[in-house]
Every structure is written in C-alpha cells, then in structure tokens.
Amino acid sequence: MFKKLLVSAIVLGGFSCVTAQAQETIRLGNLKFAHYGAVSYIKEIAPKCGIKVDEKVFPKGLDAMQAVIAGELDVAAVSSEAVISARASGTPIYLVAGFAKGGVRLVGRSDLPLKTVKDLKGKKVGVTRGGIQDILLAAELSQNGLTYSDQPGKDVQIIYLGFPDMNQALMGKNIDAMMQSEPYSSQAISKGFGKEIIKPYDTAIGEPVRTMVMTEKFYKDHRSVAEKFMHCFVEATKAFIDNKALAEKYVRENMFKGQVSHEDFINAIENSPYTYDITAEHIQITTDLMQKYGVGRMVKPPVAKDWVKTDLLDQAKKSLNIP
C-alpha cells in the first residue's frame, strides 16, 4: 500500500497552517545499467509531477520481479524475459512501456581470433542465466548450427555468471567470450581485454526492448497516481533523449559514481538508446523464443495482447506532444 507524504507549512505571521497536496510514494524497482538511467532520473523530477518515488536497485531483473511478486514494488524496470516469466507464473502485472532498446554485445577475448558466432565452436561463453542475453545467445548459437550446454560435450559450453563477474572471467581468460549487457561490454572493449564479435540483433527478436511493468493493483486502483508516474517517466526519458549532457552526467556521477568513463557511456548508449515504446508483437516474439529455447520454463506462456497495456503511455506522450 502506498504511503502518504504530508507536507505542512506553518505561517507564523497568521498563525495558520497550510497543507500541501499529499503525495503518493511509488515504490520503483530498477537496475544499475547505463540504459536504465532515465528510469532512475524519474525520482529527481517526481516532486514536480506531484509524486514521490522510492527507488530500489537490484542486481538483475529476476530479483526485481521477485520483489514485485512479494508485493514490495508498484513499478519495475526490467528486461522483457523477467516480466514474461512472472506473468506466466500468474503474477498480476501489466507491461506499460519500453525504456531502452538493444544494450547487448557478444564480446570475445581480444587475444583470440573470434570474428563470427561460428568461431565459438569449442569455446566457453559466459552469460547471465534467464536474462535477455541468455535468449539471444541461444538464438544466435542455434541459427549458426552450434549445440550448447552448461555441461561439457556440446559445441559450446555455457558458463552462467553475474554481469560484473563476466568481465572478470573474460579478463582472467576463464571464459572465451560473453553475451554481455551495457556498459560492461563497452568497458571490456575500451580496457582492451575484449573485442566485439557482433551485436546480436539479427534474430527474430531484433533489438530487445527493456520494459516497464506495473502491478495490476497499481494500474487499476491508483489510476491517477499511475498517470502521474507515466507522465514523469516520459518527461524524464525526453530529457535524456534531448539533453545528452544531462544523461551522461547523471548516469556517470549519480549511478556509477565515476566508475564509467565518458567513452564507455557514449559507446553504451549508442548501443542502447533510450525509448518510450513497446508493442505486443515484440513481446509475443520474445515469449515464443523463450518457450522455444527453454528460458523461464513456462508451463503456459502468456499471450502478449492480453497484458501489454500502452494506454497510459499514449496519454502521457500526447500530453507532452511526443509523436
């Protein structure tokens, strides 16, 4: 349930009390990646939208979705596969917007002659289990005729690791390549221990879209607050798209505390531009490929058109004159 923030000002001259409009506190789940920056920026401009945002940062999308399932969040910014898996398990959520697209690279060790996906035969490849990177890796290997498993014996051995750990494993030559998210993939390249093999956007998914999800309760029972939040999301995203200096300063200084260089930020956002939009068609294709490659282990995959709801997004974009 939402907490009420009551702001009161005492006017000493007239001995009267003026109460500002109560603000709803919205519990937002987010991840620490460059392309999640505009979502994080929502909390900075939330007061002028008439809301307060309490942001909680998680290591990966599945963790954020567990918090949604537990009733600890009202809104979450996560990869599409985490949302799809949650909906398949019966979690009452709606997918209401996209906020970034792309954001993935297949990166090989710089000391190995890896130029194509086919060159991964006989190699160890790192990926984060259950993420959109996992789906894209499976799709790329399959369409290039390579078998794979997390056990030895197939063409490619999959090594499941967290995002920061993957860079360490590649640098330490414990893996030969990785399907990695931004800005970690850009950092591996700029630091010299990794080189890009491909951006994996030639599968049926195309460029994967990161998604914004709301609980059905928030969407239905707190409609006016949900509208304010979506307006704030669109305004924050527009600010980052229009003002690249603002986006870079906020992500590098506020989110990463100077750990991401100017070059890494530019390279990361070039590969994961901010957006607003999502379509049921894109989510359905992602769902179908998850089922095909066994990611998420869904007994009954959800039908995208039943739970992709873009009416709040359309309304917010219209109010800000965004086509």
# chains A, B, ... in the order shown; residues from 1 in each chain; ligands from 1
$ select_by_dssp --residues "stretch 34-73 of chain A" --states "strand (DSSP E or B)" --output "list of chain:residue names"
A:Ile51, A:Lys52, A:Val53, A:Asp54, A:Glu55, A:Lys56, A:Val57, A:Phe58
$ residues_around --residues "A:Val125" --least-positions-apart "6" --cutoff "10 Å" --atoms "only C-alpha atoms" --output "PDB file with N, CA and C atoms, in the first residue's frame"
ATOM      1  N   LEU A 106      27.921  -9.435 -28.129  1.00  0.00           N
ATOM      2  CA  LEU A 106      28.700 -10.661 -27.997  1.00  0.00           C
ATOM      3  C   LEU A 106      30.162 -10.232 -28.081  1.00  0.00           C
ATOM      4  N   VAL A 107      30.883 -10.405 -26.984  1.00  0.00           N
ATOM      5  CA  VAL A 107      32.262  -9.931 -26.873  1.00  0.00           C
ATOM      6  C   VAL A 107      33.196 -11.117 -26.682  1.00  0.00           C
ATOM      7  N   GLY A 108      34.271 -11.151 -27.466  1.00  0.00           N
ATOM      8  CA  GLY A 108      35.262 -12.209 -27.342  1.00  0.00           C
ATOM      9  C   GLY A 108      36.541 -11.699 -26.708  1.00  0.00           C
ATOM     10  N   LEU A 137      21.730 -15.409 -26.878  1.00  0.00           N
ATOM     11  CA  LEU A 137      22.833 -16.345 -27.090  1.00  0.00           C
ATOM     12  C   LEU A 137      22.320 -17.666 -27.645  1.00  0.00           C
ATOM     13  N   TYR A 148      24.828 -26.465 -27.621  1.00  0.00           N
ATOM     14  CA  TYR A 148      25.339 -25.805 -26.419  1.00  0.00           C
ATOM     15  C   TYR A 148      24.736 -26.413 -25.167  1.00  0.00           C
ATOM     16  N   ASP A 150      25.408 -26.195 -20.453  1.00  0.00           N
ATOM     17  CA  ASP A 150      26.276 -25.742 -19.359  1.00  0.00           C
ATOM     18  C   ASP A 150      27.177 -26.869 -18.867  1.00  0.00           C
ATOM     19  N   VAL A 156      29.463 -25.673 -27.728  1.00  0.00           N
ATOM     20  CA  VAL A 156      29.767 -24.515 -26.870  1.00  0.00           C
ATOM     21  C   VAL A 156      29.371 -24.837 -25.435  1.00  0.00           C
ATOM     22  N   GLN A 157      30.261 -24.542 -24.499  1.00  0.00           N
ATOM     23  CA  GLN A 157      29.921 -24.714 -23.089  1.00  0.00           C
ATOM     24  C   GLN A 157      29.509 -23.365 -22.512  1.00  0.00           C
ATOM     25  N   ILE A 158      28.308 -23.310 -21.952  1.00  0.00           N
ATOM     26  CA  ILE A 158      27.774 -22.083 -21.367  1.00  0.00           C
ATOM     27  C   ILE A 158      28.221 -21.982 -19.911  1.00  0.00           C
ATOM     28  N   ILE A 159      28.733 -20.818 -19.534  1.00  0.00           N
ATOM     29  CA  ILE A 159      29.134 -20.555 -18.159  1.00  0.00           C
ATOM     30  C   ILE A 159      28.235 -19.437 -17.627  1.00  0.00           C
ATOM     31  N   TYR A 160      27.422 -19.757 -16.616  1.00  0.00           N
ATOM     32  CA  TYR A 160      26.489 -18.764 -16.080  1.00  0.00           C
ATOM     33  C   TYR A 160      27.158 -17.917 -15.002  1.00  0.00           C
ATOM     34  N   LEU A 161      27.136 -16.598 -15.210  1.00  0.00           N
ATOM     35  CA  LEU A 161      27.787 -15.654 -14.302  1.00  0.00           C
ATOM     36  C   LEU A 161      26.960 -14.378 -14.180  1.00  0.00           C
ATOM     37  N   MET A 166      31.258 -11.574 -15.166  1.00  0.00           N
ATOM     38  CA  MET A 166      31.588 -11.992 -16.533  1.00  0.00           C
ATOM     39  C   MET A 166      32.808 -11.249 -17.065  1.00  0.00           C
ATOM     40  N   LEU A 170      36.283 -12.953 -18.296  1.00  0.00           N
ATOM     41  CA  LEU A 170      36.866 -12.754 -19.621  1.00  0.00           C
ATOM     42  C   LEU A 170      38.293 -12.222 -19.489  1.00  0.00           C
ATOM     43  N   ASN A 174      39.076 -17.088 -18.106  1.00  0.00           N
ATOM     44  CA  ASN A 174      38.309 -18.243 -17.635  1.00  0.00           C
ATOM     45  C   ASN A 174      37.153 -18.559 -18.572  1.00  0.00           C
ATOM     46  N   ILE A 175      36.770 -17.589 -19.411  1.00  0.00           N
ATOM     47  CA  ILE A 175      35.823 -17.793 -20.500  1.00  0.00           C
ATOM     48  C   ILE A 175      36.437 -17.189 -21.755  1.00  0.00           C
ATOM     49  N   ASP A 176      35.932 -17.594 -22.903  1.00  0.00           N
ATOM     50  CA  ASP A 176      36.485 -17.130 -24.175  1.00  0.00           C
ATOM     51  C   ASP A 176      35.668 -16.000 -24.792  1.00  0.00           C
ATOM     52  N   ALA A 177      34.405 -15.917 -24.412  1.00  0.00           N
ATOM     53  CA  ALA A 177      33.508 -14.892 -24.945  1.00  0.00           C
ATOM     54  C   ALA A 177      32.363 -14.710 -23.961  1.00  0.00           C
ATOM     55  N   MET A 178      31.578 -13.658 -24.173  1.00  0.00           N
ATOM     56  CA  MET A 178      30.439 -13.419 -23.290  1.00  0.00           C
ATOM     57  C   MET A 178      29.351 -12.667 -24.041  1.00  0.00           C
ATOM     58  N   MET A 179      28.112 -12.974 -23.720  1.00  0.00           N
ATOM     59  CA  MET A 179      26.972 -12.211 -24.199  1.00  0.00           C
ATOM     60  C   MET A 179      26.634 -11.256 -23.058  1.00  0.00           C
TER      61      MET A 179
END
$ closest_atom_pairs --of "stretch 43-96 of chain A" --to "stretch 249-272 of chain A" --cutoff "12 Å" --atoms "only C-alpha atoms" --output "CSV"
residue,atom,partner,partner_atom,distance
A:Glu44,CA,A:Tyr250,CA,10.2
A:Glu55,CA,A:Met255,CA,11.9
A:Val57,CA,A:Met255,CA,10.1
$ atom_distance --atom1 "atom CA of A:Gln284" --atom2 "atom CA of A:Pro302"
8.4 Å
$ closest_residue --among "A:Ala64, A:Leu120, A:Leu320, A:Leu112" --to "A:Thr237" --atoms "only C-alpha atoms"
A:Leu320
$ closest_residue --among "A:Val295, A:Lys118, A:Gly37, A:Pro183" --to "A:Ile132" --atoms "only C-alpha atoms"
A:Val295
$ residues_around --residues "A:Asp314" --least-positions-apart "2" --cutoff "12 Å" --atoms "only C-alpha atoms" --output "NGL selection string"
:A and (96-98 or 227 or 230-231 or 234 or 276-279 or 309-312 or 316-323)
$ write_last_selection --atoms "N, CA and C atoms" --output "PDB file, in the first residue's frame"
ATOM      1  N   VAL A  96       3.691  -1.774 -19.471  1.00  0.00           N
ATOM      2  CA  VAL A  96       3.106  -0.481 -19.829  1.00  0.00           C
ATOM      3  C   VAL A  96       3.974   0.413 -20.712  1.00  0.00           C
ATOM      4  N   ALA A  97       5.263   0.098 -20.862  1.00  0.00           N
ATOM      5  CA  ALA A  97       6.148   0.940 -21.688  1.00  0.00           C
ATOM      6  C   ALA A  97       7.459   0.214 -21.960  1.00  0.00           C
ATOM      7  N   GLY A  98       8.212   0.739 -22.918  1.00  0.00           N
ATOM      8  CA  GLY A  98       9.606   0.351 -23.090  1.00  0.00           C
ATOM      9  C   GLY A  98      10.437   1.521 -22.614  1.00  0.00           C
ATOM     10  N   GLU A 227      -1.065   7.541 -13.686  1.00  0.00           N
ATOM     11  CA  GLU A 227      -0.981   8.518 -14.781  1.00  0.00           C
ATOM     12  C   GLU A 227       0.138   9.522 -14.522  1.00  0.00           C
ATOM     13  N   MET A 230       3.510   7.810 -15.101  1.00  0.00           N
ATOM     14  CA  MET A 230       3.835   7.615 -16.516  1.00  0.00           C
ATOM     15  C   MET A 230       4.200   8.936 -17.173  1.00  0.00           C
ATOM     16  N   HIS A 231       3.524  10.013 -16.803  1.00  0.00           N
ATOM     17  CA  HIS A 231       3.871  11.338 -17.325  1.00  0.00           C
ATOM     18  C   HIS A 231       5.309  11.672 -16.922  1.00  0.00           C
ATOM     19  N   VAL A 234       7.842   9.626 -19.014  1.00  0.00           N
ATOM     20  CA  VAL A 234       8.009  10.160 -20.364  1.00  0.00           C
ATOM     21  C   VAL A 234       8.813  11.456 -20.326  1.00  0.00           C
ATOM     22  N   TYR A 276      10.589   5.057 -25.486  1.00  0.00           N
ATOM     23  CA  TYR A 276       9.364   5.007 -24.680  1.00  0.00           C
ATOM     24  C   TYR A 276       8.541   3.753 -25.004  1.00  0.00           C
ATOM     25  N   ASP A 277       8.687   3.263 -26.200  1.00  0.00           N
ATOM     26  CA  ASP A 277       7.660   2.417 -26.790  1.00  0.00           C
ATOM     27  C   ASP A 277       7.896   0.915 -26.644  1.00  0.00           C
ATOM     28  N   ILE A 278       6.793   0.198 -26.675  1.00  0.00           N
ATOM     29  CA  ILE A 278       6.786  -1.258 -26.662  1.00  0.00           C
ATOM     30  C   ILE A 278       5.562  -1.712 -27.451  1.00  0.00           C
ATOM     31  N   THR A 279       5.646  -2.879 -28.065  1.00  0.00           N
ATOM     32  CA  THR A 279       4.479  -3.418 -28.780  1.00  0.00           C
ATOM     33  C   THR A 279       4.190  -4.833 -28.309  1.00  0.00           C
ATOM     34  N   LYS A 309      -0.301  -3.127 -22.016  1.00  0.00           N
ATOM     35  CA  LYS A 309      -1.253  -2.020 -21.920  1.00  0.00           C
ATOM     36  C   LYS A 309      -0.514  -0.688 -22.102  1.00  0.00           C
ATOM     37  N   THR A 310      -0.676  -0.065 -23.249  1.00  0.00           N
ATOM     38  CA  THR A 310       0.074   1.176 -23.534  1.00  0.00           C
ATOM     39  C   THR A 310      -0.795   2.427 -23.479  1.00  0.00           C
ATOM     40  N   ASP A 311      -1.978   2.332 -22.902  1.00  0.00           N
ATOM     41  CA  ASP A 311      -2.870   3.497 -22.879  1.00  0.00           C
ATOM     42  C   ASP A 311      -2.316   4.638 -22.017  1.00  0.00           C
ATOM     43  N   LEU A 312      -1.711   4.316 -20.872  1.00  0.00           N
ATOM     44  CA  LEU A 312      -1.118   5.357 -20.035  1.00  0.00           C
ATOM     45  C   LEU A 312       0.052   6.021 -20.745  1.00  0.00           C
ATOM     46  N   ALA A 316       0.344   9.958 -21.891  1.00  0.00           N
ATOM     47  CA  ALA A 316       1.448  10.794 -21.424  1.00  0.00           C
ATOM     48  C   ALA A 316       2.208  11.411 -22.589  1.00  0.00           C
ATOM     49  N   LYS A 317       2.470  10.628 -23.631  1.00  0.00           N
ATOM     50  CA  LYS A 317       3.179  11.147 -24.802  1.00  0.00           C
ATOM     51  C   LYS A 317       2.372  12.251 -25.484  1.00  0.00           C
ATOM     52  N   LYS A 318       1.051  12.047 -25.556  1.00  0.00           N
ATOM     53  CA  LYS A 318       0.189  13.056 -26.175  1.00  0.00           C
ATOM     54  C   LYS A 318       0.226  14.365 -25.390  1.00  0.00           C
ATOM     55  N   SER A 319       0.226  14.252 -24.077  1.00  0.00           N
ATOM     56  CA  SER A 319       0.237  15.464 -23.238  1.00  0.00           C
ATOM     57  C   SER A 319       1.536  16.255 -23.362  1.00  0.00           C
ATOM     58  N   LEU A 320       2.616  15.553 -23.746  1.00  0.00           N
ATOM     59  CA  LEU A 320       3.912  16.210 -23.907  1.00  0.00           C
ATOM     60  C   LEU A 320       4.270  16.429 -25.381  1.00  0.00           C
ATOM     61  N   ASN A 321       3.277  16.243 -26.250  1.00  0.00           N
ATOM     62  CA  ASN A 321       3.438  16.478 -27.701  1.00  0.00           C
ATOM     63  C   ASN A 321       4.568  15.633 -28.313  1.00  0.00           C
ATOM     64  N   ILE A 322       4.627  14.371 -27.893  1.00  0.00           N
ATOM     65  CA  ILE A 322       5.608  13.432 -28.418  1.00  0.00           C
ATOM     66  C   ILE A 322       4.901  12.478 -29.372  1.00  0.00           C
ATOM     67  N   PRO A 323       5.314  12.411 -30.626  1.00  0.00           N
ATOM     68  CA  PRO A 323       4.614  11.553 -31.595  1.00  0.00           C
ATOM     69  C   PRO A 323       4.798  10.061 -31.289  1.00  0.00           C
TER      70      PRO A 323
END
$ atom_distance --atom1 "atom CA of A:Gln187" --atom2 "atom CA of A:Pro200"
17.7 Å
$ residues_around --residues "A:Gly130" --least-positions-apart "5" --cutoff "12 Å" --atoms "only C-alpha atoms" --output "number ranges by chain"
A: 60-63, 79-86, 135-138, 160-162, 290-291, 293-298
$ closest_residue --among "A:Lys220, A:Lys121, A:Lys199, A:Lys173" --to "A:Gly153" --atoms "only C-alpha atoms"
A:Lys121
